[in-house]
$ cat data.tsv   # TSV, C-alpha atoms
chain	number	residue	atom	x	y	z
A	1	MET	CA	5.24	-60.15	-57.40
A	2	ASN	CA	5.33	-57.11	-55.12
A	3	MET	CA	1.54	-57.07	-54.73
A	4	LYS	CA	1.50	-60.76	-53.92
A	5	LYS	CA	4.22	-60.28	-51.29
A	6	MET	CA	2.38	-57.34	-49.74
A	7	PHE	CA	-0.88	-59.28	-49.68
A	8	PHE	CA	0.86	-62.22	-48.03
A	9	ILE	CA	2.42	-59.99	-45.39
A	10	ALA	CA	-0.92	-58.26	-44.80
A	11	VAL	CA	-2.62	-61.61	-44.22
A	12	ILE	CA	0.07	-62.67	-41.73
A	13	ALA	CA	-0.09	-59.32	-39.95
A	14	PHE	CA	-3.87	-59.57	-39.69
A	15	THR	CA	-3.72	-63.11	-38.35
A	16	VAL	CA	-1.09	-62.18	-35.79
A	17	ASN	CA	-3.21	-59.20	-34.74
A	18	VAL	CA	-6.36	-61.25	-34.28
A	19	HIS	CA	-4.52	-63.69	-32.01
A	20	ALA	CA	-2.73	-60.88	-30.14
A	21	GLN	CA	-5.50	-60.84	-27.51
A	22	ASP	CA	-4.30	-63.97	-25.73
A	23	LYS	CA	-3.92	-62.59	-22.25
A	24	TYR	CA	-6.61	-60.71	-20.36
A	25	PHE	CA	-6.01	-58.98	-17.05
A	26	THR	CA	-7.25	-56.68	-14.33
A	27	LYS	CA	-5.81	-54.88	-11.33
A	28	SER	CA	-9.13	-53.89	-9.84
A	29	GLY	CA	-10.76	-57.27	-9.45
A	30	SER	CA	-12.90	-57.97	-6.44
A	31	ILE	CA	-12.74	-60.66	-3.77
A	32	SER	CA	-15.28	-60.90	-0.97
A	33	PHE	CA	-15.28	-63.50	1.73
A	34	GLN	CA	-18.01	-64.45	4.15
A	35	SER	CA	-18.05	-66.55	7.25
A	36	LYS	CA	-21.36	-67.31	8.90
A	37	SER	CA	-21.70	-68.66	12.40
A	38	PRO	CA	-24.68	-68.86	14.79
A	39	LEU	CA	-23.57	-65.64	16.46
A	40	GLU	CA	-22.03	-63.54	13.76
A	41	LYS	CA	-21.62	-62.93	10.05
A	42	ILE	CA	-18.15	-61.80	9.08
A	43	GLU	CA	-17.66	-60.18	5.73
A	44	ALA	CA	-14.80	-58.38	4.01
A	45	HIS	CA	-14.08	-56.97	0.56
A	46	ASN	CA	-10.98	-56.30	-1.49
A	47	LYS	CA	-11.17	-54.18	-4.64
A	48	SER	CA	-7.57	-54.38	-5.81
A	49	VAL	CA	-7.21	-57.95	-6.98
A	50	THR	CA	-4.84	-58.62	-9.88
A	51	SER	CA	-5.77	-61.42	-12.23
A	52	VAL	CA	-4.57	-62.80	-15.55
A	53	LEU	CA	-6.27	-65.28	-17.85
A	54	ASP	CA	-4.46	-66.74	-20.84
A	55	THR	CA	-7.25	-67.63	-23.25
A	56	LYS	CA	-4.94	-69.80	-25.33
A	57	THR	CA	-3.74	-72.08	-22.53
A	58	GLY	CA	-6.50	-71.57	-19.97
A	59	ASN	CA	-3.93	-70.51	-17.41
A	60	PHE	CA	-5.74	-68.49	-14.71
A	61	GLN	CA	-4.20	-66.66	-11.79
A	62	PHE	CA	-5.13	-64.07	-9.22
A	63	ALA	CA	-3.30	-62.39	-6.37
A	64	VAL	CA	-4.46	-60.20	-3.52
A	65	LEU	CA	-2.87	-58.22	-0.68
A	66	MET	CA	-4.38	-59.36	2.64
A	67	LYS	CA	-4.15	-55.89	4.16
A	68	GLY	CA	-6.45	-54.66	1.42
A	69	PHE	CA	-9.48	-56.49	2.83
A	70	GLU	CA	-11.92	-53.96	4.23
A	71	PHE	CA	-14.25	-54.84	7.10
A	72	GLU	CA	-17.14	-52.87	8.49
A	73	LYS	CA	-15.63	-53.01	11.95
A	74	ALA	CA	-12.08	-51.75	12.47
A	75	LEU	CA	-11.40	-54.18	15.31
A	76	MET	CA	-12.31	-57.12	13.09
A	77	GLN	CA	-9.92	-55.88	10.42
A	78	GLU	CA	-7.14	-55.50	12.97
A	79	HIS	CA	-7.68	-58.99	14.42
A	80	PHE	CA	-7.92	-60.48	10.94
A	81	ASN	CA	-4.54	-59.06	10.03
A	82	GLU	CA	-2.69	-59.38	13.32
A	83	ASN	CA	-3.99	-62.65	14.71
A	84	TYR	CA	-5.69	-64.72	12.04
A	85	VAL	CA	-3.95	-64.39	8.69
A	86	GLU	CA	-0.82	-62.72	10.13
A	87	SER	CA	-0.53	-60.47	7.11
A	88	HIS	CA	2.79	-59.05	8.31
A	89	LYS	CA	4.25	-62.53	7.71
A	90	PHE	CA	2.11	-63.54	4.74
A	91	PRO	CA	1.12	-60.35	2.91
A	92	LYS	CA	-0.31	-61.96	-0.21
A	93	ALA	CA	-2.80	-64.69	-1.10
A	94	GLU	CA	-2.59	-66.27	-4.53
A	95	PHE	CA	-4.29	-68.70	-6.84
A	96	LYS	CA	-2.45	-70.33	-9.73
A	97	GLY	CA	-4.37	-72.72	-11.89
A	98	GLN	CA	-6.17	-73.66	-15.04
A	99	VAL	CA	-9.53	-73.43	-16.72
A	100	VAL	CA	-9.69	-77.17	-17.27
A	101	ASN	CA	-12.32	-77.01	-20.01
A	102	ASN	CA	-10.69	-74.09	-21.82
A	103	ASN	CA	-11.55	-75.55	-25.23
A	104	ASP	CA	-15.26	-75.31	-24.42
A	105	ILE	CA	-15.04	-71.53	-24.17
A	106	ASN	CA	-15.24	-69.40	-27.29
A	107	TYR	CA	-13.48	-66.23	-26.21
A	108	THR	CA	-14.34	-64.45	-29.43
A	109	LYS	CA	-18.10	-64.98	-29.16
A	110	ASP	CA	-20.23	-63.06	-26.66
A	111	GLY	CA	-21.93	-65.35	-24.24
A	112	SER	CA	-21.81	-67.01	-20.85
A	113	TYR	CA	-19.67	-70.11	-20.42
A	114	THR	CA	-19.18	-72.51	-17.53
A	115	ALA	CA	-15.54	-72.74	-16.48
A	116	LYS	CA	-14.12	-75.62	-14.47
A	117	VAL	CA	-11.23	-74.17	-12.52
A	118	LYS	CA	-8.53	-76.21	-10.81
A	119	GLY	CA	-5.32	-75.09	-9.16
A	120	LYS	CA	-3.36	-74.18	-6.08
A	121	LEU	CA	-4.61	-71.65	-3.55
A	122	THR	CA	-2.08	-70.14	-1.13
A	123	ILE	CA	-3.29	-68.38	2.00
A	124	HIS	CA	-1.31	-67.73	5.19
A	125	GLY	CA	1.71	-69.42	3.60
A	126	GLU	CA	-0.15	-72.72	3.09
A	127	THR	CA	-0.87	-74.08	-0.40
A	128	LYS	CA	-3.79	-76.39	-1.12
A	129	ASP	CA	-5.28	-77.91	-4.25
A	130	VAL	CA	-8.71	-76.48	-4.92
A	131	GLU	CA	-11.29	-76.77	-7.64
A	132	THR	CA	-14.53	-75.07	-8.42
A	133	THR	CA	-16.93	-74.24	-11.21
A	134	GLY	CA	-17.29	-70.65	-12.26
A	135	THR	CA	-18.47	-68.62	-15.21
A	136	VAL	CA	-16.74	-66.64	-17.92
A	137	MET	CA	-18.96	-64.11	-19.62
A	138	VAL	CA	-17.57	-62.81	-22.90
A	139	LYS	CA	-19.02	-59.36	-23.48
A	140	GLY	CA	-17.85	-56.56	-25.74
A	141	GLY	CA	-14.19	-57.57	-25.74
A	142	LYS	CA	-14.10	-58.09	-21.96
A	143	LEU	CA	-14.13	-61.29	-19.94
A	144	LEU	CA	-16.21	-61.20	-16.76
A	145	THR	CA	-15.03	-64.07	-14.60
A	146	SER	CA	-16.84	-65.17	-11.49
A	147	SER	CA	-15.97	-68.04	-9.16
A	148	ILE	CA	-16.70	-69.17	-5.63
A	149	PHE	CA	-14.25	-71.14	-3.50
A	150	ASN	CA	-15.36	-72.76	-0.26
A	151	ILE	CA	-12.48	-73.31	2.09
A	152	GLN	CA	-11.74	-74.47	5.62
A	153	LEU	CA	-9.57	-72.04	7.57
A	154	SER	CA	-7.88	-74.96	9.35
A	155	ASP	CA	-6.53	-76.15	5.98
A	156	TYR	CA	-4.52	-72.94	5.84
A	157	LYS	CA	-3.43	-73.11	9.48
A	158	VAL	CA	-5.58	-70.09	10.36
A	159	GLU	CA	-6.35	-70.66	14.02
A	160	ILE	CA	-9.61	-69.71	15.61
A	161	PRO	CA	-9.27	-69.34	19.38
A	162	LYS	CA	-11.72	-71.47	21.38
A	163	ILE	CA	-13.20	-68.35	22.93
A	164	VAL	CA	-14.56	-67.13	19.59
A	165	LYS	CA	-15.38	-70.52	18.05
A	166	GLU	CA	-19.09	-69.62	18.17
A	167	ASN	CA	-18.49	-66.31	16.40
A	168	ILE	CA	-16.17	-67.43	13.66
A	169	SER	CA	-16.92	-70.37	11.42
A	170	ASN	CA	-14.15	-72.58	10.03
A	171	ASN	CA	-15.97	-72.56	6.69
A	172	VAL	CA	-15.39	-69.51	4.57
A	173	LYS	CA	-16.96	-68.64	1.22
A	174	ILE	CA	-14.66	-66.72	-1.13
A	175	ILE	CA	-16.24	-64.92	-4.09
A	176	VAL	CA	-13.86	-63.84	-6.85
A	177	ASP	CA	-15.18	-61.42	-9.50
A	178	CYS	CA	-12.76	-60.11	-12.08
A	179	SER	CA	-13.59	-58.13	-15.18
A	180	LEU	CA	-10.64	-58.73	-17.52
A	181	GLU	CA	-9.44	-56.64	-20.45
A	182	PRO	CA	-6.95	-57.53	-23.17
A	183	LEU	CA	-3.32	-57.15	-22.16
A	184	LYS	CA	-1.60	-55.17	-24.87
A	185	GLY	CA	1.99	-55.76	-25.91
B	1	MET	CA	-21.35	-44.98	55.33
B	2	PHE	CA	-20.81	-42.09	53.00
B	3	THR	CA	-17.47	-43.46	51.76
B	4	LYS	CA	-19.10	-46.83	51.08
B	5	LYS	CA	-21.65	-45.10	48.87
B	6	ILE	CA	-18.89	-43.30	46.99
B	7	ILE	CA	-17.03	-46.55	46.40
B	8	VAL	CA	-20.15	-48.31	45.12
B	9	ILE	CA	-21.07	-45.44	42.83
B	10	SER	CA	-17.50	-45.09	41.54
B	11	ALA	CA	-17.38	-48.81	40.86
B	12	ALA	CA	-20.69	-48.66	39.01
B	13	VAL	CA	-19.50	-45.70	36.92
B	14	ALA	CA	-16.25	-47.51	36.16
B	15	VAL	CA	-18.10	-50.63	35.03
B	16	MET	CA	-20.46	-48.54	32.91
B	17	ALA	CA	-17.58	-46.61	31.38
B	18	GLY	CA	-15.81	-49.87	30.65
B	19	GLY	CA	-18.95	-51.23	29.04
B	20	ILE	CA	-19.46	-48.17	26.88
B	21	TYR	CA	-15.83	-48.20	25.84
B	22	GLY	CA	-15.98	-51.89	25.01
B	23	TYR	CA	-19.17	-51.45	23.01
B	24	SER	CA	-17.87	-48.48	21.03
B	25	GLU	CA	-14.51	-50.14	20.42
B	26	TYR	CA	-16.22	-53.28	19.17
B	27	ASN	CA	-18.34	-51.27	16.78
B	28	ARG	CA	-15.64	-48.79	15.76
B	29	LYS	CA	-15.61	-48.26	12.03
B	30	PRO	CA	-12.36	-47.76	10.11
B	31	ALA	CA	-11.46	-44.06	10.15
B	32	ASN	CA	-12.55	-41.80	7.34
B	33	LEU	CA	-9.16	-40.50	6.28
B	34	GLU	CA	-10.41	-37.08	5.30
B	35	ARG	CA	-9.78	-35.70	8.77
B	36	VAL	CA	-6.80	-37.87	9.66
B	37	ARG	CA	-3.35	-36.32	9.57
B	38	PRO	CA	-0.98	-38.36	7.37
B	39	ASP	CA	1.87	-40.25	9.02
B	40	VAL	CA	4.17	-39.72	6.03
B	41	GLN	CA	4.33	-37.41	3.04
B	42	VAL	CA	6.05	-38.66	-0.09
B	43	SER	CA	6.05	-38.33	-3.86
B	44	ALA	CA	4.62	-41.16	-5.95
B	45	ILE	CA	7.95	-41.69	-7.67
B	46	GLU	CA	9.82	-41.94	-4.37
B	47	LEU	CA	7.21	-44.27	-2.91
B	48	ILE	CA	7.47	-46.66	-5.87
B	49	LYS	CA	11.26	-46.53	-5.86
B	50	THR	CA	11.49	-47.29	-2.13
B	51	PHE	CA	9.42	-50.46	-2.59
B	52	GLU	CA	11.27	-51.44	-5.75
B	53	ASP	CA	14.65	-51.09	-4.07
B	54	ASN	CA	13.87	-52.95	-0.86
B	55	GLU	CA	10.38	-54.13	-0.03
B	56	GLN	CA	11.18	-54.90	3.60
B	57	ASP	CA	12.60	-51.45	4.28
B	58	ALA	CA	9.69	-49.85	2.47
B	59	ASN	CA	7.21	-51.89	4.51
B	60	ALA	CA	8.81	-50.67	7.72
B	61	LYS	CA	8.45	-47.10	6.47
B	62	PHE	CA	5.04	-47.17	4.85
B	63	LEU	CA	2.98	-50.29	5.56
B	64	ASP	CA	-0.22	-49.63	7.54
B	65	LYS	CA	0.57	-45.92	7.65
B	66	VAL	CA	-1.61	-43.12	6.36
B	67	ILE	CA	0.34	-41.70	3.44
B	68	SER	CA	-0.03	-38.41	1.66
B	69	VAL	CA	1.31	-39.09	-1.83
B	70	LYS	CA	1.85	-36.45	-4.50
B	71	GLY	CA	2.15	-37.32	-8.16
B	72	LYS	CA	0.86	-37.17	-11.69
B	73	ILE	CA	-2.35	-38.98	-12.54
B	74	LYS	CA	-1.60	-41.79	-15.01
B	75	SER	CA	-5.23	-42.80	-15.31
B	76	VAL	CA	-8.51	-43.06	-13.42
B	77	GLU	CA	-10.18	-46.46	-13.50
B	78	LYS	CA	-13.73	-47.39	-12.68
B	79	ASN	CA	-14.39	-51.07	-12.22
B	80	ASP	CA	-17.59	-53.01	-12.94
B	81	LYS	CA	-18.95	-52.40	-9.48
B	82	GLY	CA	-18.47	-48.65	-9.83
B	83	TYR	CA	-15.36	-48.39	-7.63
B	84	TYR	CA	-12.77	-45.81	-8.63
B	85	THR	CA	-9.00	-46.15	-8.49
B	86	VAL	CA	-6.71	-43.20	-9.17
B	87	ILE	CA	-3.39	-44.34	-10.57
B	88	LEU	CA	-0.34	-42.18	-9.99
B	89	GLY	CA	2.99	-42.46	-11.73
B	90	GLU	CA	4.95	-41.76	-14.86
B	91	LYS	CA	3.79	-43.13	-18.23
B	92	GLU	CA	7.25	-44.50	-19.06
B	93	ILE	CA	7.41	-46.56	-15.87
B	94	MET	CA	5.20	-49.63	-15.56
B	95	SER	CA	4.93	-49.41	-11.78
B	96	SER	CA	2.34	-47.15	-10.18
B	97	VAL	CA	0.72	-46.09	-6.96
B	98	ARG	CA	-2.86	-47.32	-7.04
B	99	CYS	CA	-5.19	-45.25	-4.87
B	100	SER	CA	-8.39	-47.19	-4.27
B	101	MET	CA	-11.00	-44.59	-3.37
B	102	ASP	CA	-12.89	-44.69	-0.08
B	103	SER	CA	-16.46	-45.84	-0.75
B	104	VAL	CA	-17.83	-42.55	0.56
B	105	HIS	CA	-15.55	-40.47	-1.67
B	106	GLN	CA	-15.91	-42.36	-4.97
B	107	GLN	CA	-17.44	-39.47	-6.88
B	108	LYS	CA	-14.49	-37.16	-6.18
B	109	ALA	CA	-12.41	-39.33	-8.51
B	110	ALA	CA	-14.91	-39.11	-11.34
B	111	GLY	CA	-13.84	-35.61	-12.36
B	112	LEU	CA	-10.09	-36.22	-12.31
B	113	THR	CA	-8.11	-36.32	-15.54
B	114	ALA	CA	-4.83	-37.94	-16.56
B	115	GLY	CA	-1.80	-35.68	-16.51
B	116	THR	CA	-2.97	-33.61	-13.53
B	117	GLU	CA	-0.70	-33.24	-10.50
B	118	ILE	CA	-2.54	-34.29	-7.40
B	119	THR	CA	-2.08	-35.25	-3.76
B	120	MET	CA	-3.92	-38.30	-2.49
B	121	LYS	CA	-4.15	-39.59	1.07
B	122	GLY	CA	-4.64	-43.27	1.84
B	123	ALA	CA	-3.69	-46.26	3.99
B	124	CYS	CA	-0.81	-48.27	2.57
B	125	THR	CA	-1.74	-51.94	2.20
B	126	GLY	CA	1.49	-53.03	0.57
B	127	TYR	CA	3.32	-53.74	-2.65
B	128	ASN	CA	1.99	-56.09	-5.28
B	129	ALA	CA	5.05	-57.13	-7.28
B	130	ASP	CA	4.18	-58.47	-10.71
B	131	GLU	CA	6.64	-58.87	-13.57
B	132	LEU	CA	4.03	-59.21	-16.26
B	133	LEU	CA	1.62	-56.49	-15.21
B	134	GLY	CA	3.95	-54.03	-13.47
B	135	SER	CA	4.34	-53.73	-9.70
B	136	ASP	CA	2.13	-51.39	-7.72
B	137	VAL	CA	2.01	-49.80	-4.30
B	138	ILE	CA	-1.62	-50.03	-3.20
B	139	LEU	CA	-3.35	-47.51	-0.96
B	140	ASN	CA	-6.86	-48.04	0.41
B	141	ARG	CA	-9.65	-45.77	1.62
B	142	CYS	CA	-8.19	-42.93	-0.40
B	143	VAL	CA	-9.35	-39.36	-0.39
B	144	VAL	CA	-8.24	-36.42	-2.48
B	145	SER	CA	-6.02	-34.32	-0.26
B	146	LYS	CA	-6.82	-30.64	0.00

$ encode --input "data.tsv" --output "structure tokens"
Amino acid sequence: MNMKKMFFIAVIAFTVNVHAQDKYFTKSGSISFQSKSPLEKIEAHNKSVTSVLDTKTGNFQFAVLMKGFEFEKALMQEHFNENYVESHKFPKAEFKGQVVNNNDINYTKDGSYTAKVKGKLTIHGETKDVETTGTVMVKGGKLLTSSIFNIQLSDYKVEIPKIVKENISNNVKIIVDCSLEPLKG
Amino acid sequence: MFTKKIIVISAAVAVMAGGIYGYSEYNRKPANLERVRPDVQVSAIELIKTFEDNEQDANAKFLDKVISVKGKIKSVEKNDKGYYTVILGEKEIMSSVRCSMDSVHQQKAAGLTAGTEITMKGACTGYNADELLGSDVILNRCVVSK
């Protein structure tokens, strides 16, 4: 009777343990954005992106501090913050959404899976519905997520002055790369 | 005649100077913080607490400033792309100060170990409040302070 009880408890404990890795996260994810125009290519990188993926529900989120975007030219970084995204007013950009085809991904088996991502992207205080197709690579207990969002700055009320319309394109490519580890506890 | 020459030359020099200034300002790279004097000196614990208590007040004090922060290393992380982040704080407290290393100074973080007291210098980019993951004060372009 005792042995049976202990065995039963052990099985439950094991099962609970195996499913304990529901949420995966990172605080050092990377977001790069690029804007190409006939006159100039603008590029910036942020290495402190936080992201969480709930493998059970497919819930996927990431957040990034705008002031953390690093440009090659200091003046560009200053204008980006002060004039374009007004980071003193809107310090954070966020995405909250879903991996729509979550059931197609086997998070316990190493491999590369296509992930259809849909959700709400908030930049400069404006929220828009976005969707894209990315990849989730399951490798050695980590999830390497990669997705590209193509956005129009005007959708987020980011104004480009007429004088620099040739230098700065309204179309921006946002590349989100996050290597996620299991969230313990 | 002579004065006219002076005026023309002065004007030309002024235009040239303006041009050189404009060109160098346009191409100015963000400062390497190694040689920059910090605007504020603070302990990691105090920095975290100031943001936790009142983010707006903390922003006024620290945002965009070069901060010299002293604290205990919680951990040193290296992400997939090889970028190092030195995390300062106390183990019992979820919140930390995340010091994202300057790309030129990455290797200096490689030898650091958890538990060591250290002073880091970086540009404060803000506070990332997160209930699930713990809130962090994030510094960019960090260097190990001497």

$ atom_distance --input "data.tsv" --atom1 "CA of Leu88 (chain B)" --atom2 "CA of Pro30 (chain B)"
24.1 Å

$ residues_around --input "data.tsv" --residues "region 112-127 of chain B" --least-positions-apart "3" --cutoff "8 Å" --atoms "only C-alpha atoms" --output "JSON list (two decimals) with C-alpha atoms, keeping the file's coordinate frame"
[["chain", "number", "residue", "atom", "x", "y", "z"],
["A", 65, "LEU", "CA", -2.87, -58.22, -0.68],
["A", 66, "MET", "CA", -4.38, -59.36, 2.64],
["A", 67, "LYS", "CA", -4.15, -55.89, 4.16],
["A", 68, "GLY", "CA", -6.45, -54.66, 1.42],
["A", 91, "PRO", "CA", 1.12, -60.35, 2.91],
["B", 33, "LEU", "CA", -9.16, -40.50, 6.28],
["B", 34, "GLU", "CA", -10.41, -37.08, 5.30],
["B", 38, "PRO", "CA", -0.98, -38.36, 7.37],
["B", 51, "PHE", "CA", 9.42, -50.46, -2.59],
["B", 55, "GLU", "CA", 10.38, -54.13, -0.03],
["B", 59, "ASN", "CA", 7.21, -51.89, 4.51],
["B", 62, "PHE", "CA", 5.04, -47.17, 4.85],
["B", 63, "LEU", "CA", 2.98, -50.29, 5.56],
["B", 64, "ASP", "CA", -0.22, -49.63, 7.54],
["B", 65, "LYS", "CA", 0.57, -45.92, 7.65],
["B", 66, "VAL", "CA", -1.61, -43.12, 6.36],
["B", 67, "ILE", "CA", 0.34, -41.70, 3.44],
["B", 68, "SER", "CA", -0.03, -38.41, 1.66],
["B", 69, "VAL", "CA", 1.31, -39.09, -1.83],
["B", 70, "LYS", "CA", 1.85, -36.45, -4.50],
["B", 71, "GLY", "CA", 2.15, -37.32, -8.16],
["B", 72, "LYS", "CA", 0.86, -37.17, -11.69],
["B", 73, "ILE", "CA", -2.35, -38.98, -12.54],
["B", 74, "LYS", "CA", -1.60, -41.79, -15.01],
["B", 75, "SER", "CA", -5.23, -42.80, -15.31],
["B", 76, "VAL", "CA", -8.51, -43.06, -13.42],
["B", 99, "CYS", "CA", -5.19, -45.25, -4.87],
["B", 108, "LYS", "CA", -14.49, -37.16, -6.18],
["B", 109, "ALA", "CA", -12.41, -39.33, -8.51],
["B", 135, "SER", "CA", 4.34, -53.73, -9.70],
["B", 136, "ASP", "CA", 2.13, -51.39, -7.72],
["B", 137, "VAL", "CA", 2.01, -49.80, -4.30],
["B", 138, "ILE", "CA", -1.62, -50.03, -3.20],
["B", 139, "LEU", "CA", -3.35, -47.51, -0.96],
["B", 140, "ASN", "CA", -6.86, -48.04, 0.41],
["B", 141, "ARG", "CA", -9.65, -45.77, 1.62],
["B", 142, "CYS", "CA", -8.19, -42.93, -0.40],
["B", 143, "VAL", "CA", -9.35, -39.36, -0.39],
["B", 144, "VAL", "CA", -8.24, -36.42, -2.48],
["B", 145, "SER", "CA", -6.02, -34.32, -0.26],
["B", 146, "LYS", "CA", -6.82, -30.64, 0.00]]

$ interface_residues --input "data.tsv" --of "chain A" --to "chain B" --cutoff "10 Å" --atoms "all atoms listed in the file" --output "JSON, numbers by chain"
{"A": [25, 26, 27, 28, 29, 30, 46, 47, 48, 49, 50, 51, 52, 63, 64, 65, 66, 67, 68, 69, 70, 71, 72, 73, 74, 75, 76, 77, 78, 87, 88, 91, 92, 144, 177, 178, 179, 183]}

$ atom_distance --input "data.tsv" --atom1 "CA of Asn59 (chain A)" --atom2 "CA of Asp155 (chain A)"
24.2 Å

$ axis_aligned_box --input "data.tsv" --around "region 171-184 of chain A" --padding-each-side "3 Å" --output "AutoDock Vina command-line options"
--center_x -9.3 --center_y -63.9 --center_z -9.1 --size_x 21.4 --size_y 23.4 --size_z 37.6

$ closest_residue --input "data.tsv" --among "A:Thr135, A:Ile105, A:His124, A:Ile31" --to "Tyr84 (chain A)" --atoms "all atoms listed in the file"
A:His124

$ atom_distance --input "data.tsv" --atom1 "CA of Glu94 (chain A)" --atom2 "CA of Lys118 (chain A)"
13.2 Å

$ closest_residue --input "data.tsv" --among "A:Val117, A:Leu143, A:Met3, A:Ala44" --to "Phe80 (chain A)" --atoms "all atoms listed in the file"
A:Ala44

$ residues_around --input "data.tsv" --residues "Val136 (chain A)" --least-positions-apart "5" --cutoff "6 Å" --atoms "all atoms listed in the file" --output "list in words"
Ser112, Tyr113, Leu144 and Thr145 of chain A

$ residues_near_point --input "data.tsv" --point "(-20.0, -64.2, -5.8)" --cutoff "10 Å" --atoms "only C-alpha atoms" --output "list of chain:residue names"
A:Ser30, A:Ile31, A:Ser32, A:Phe33, A:Gly134, A:Ser146, A:Ser147, A:Ile148, A:Phe149, A:Lys173, A:Ile174, A:Ile175, A:Val176, A:Asp177

$ residues_around --input "data.tsv" --residues "region 160-170 of chain A" --least-positions-apart "2" --cutoff "9 Å" --atoms "only C-alpha atoms" --output "number ranges by chain"
A: 35-42, 84, 151-154, 158, 172
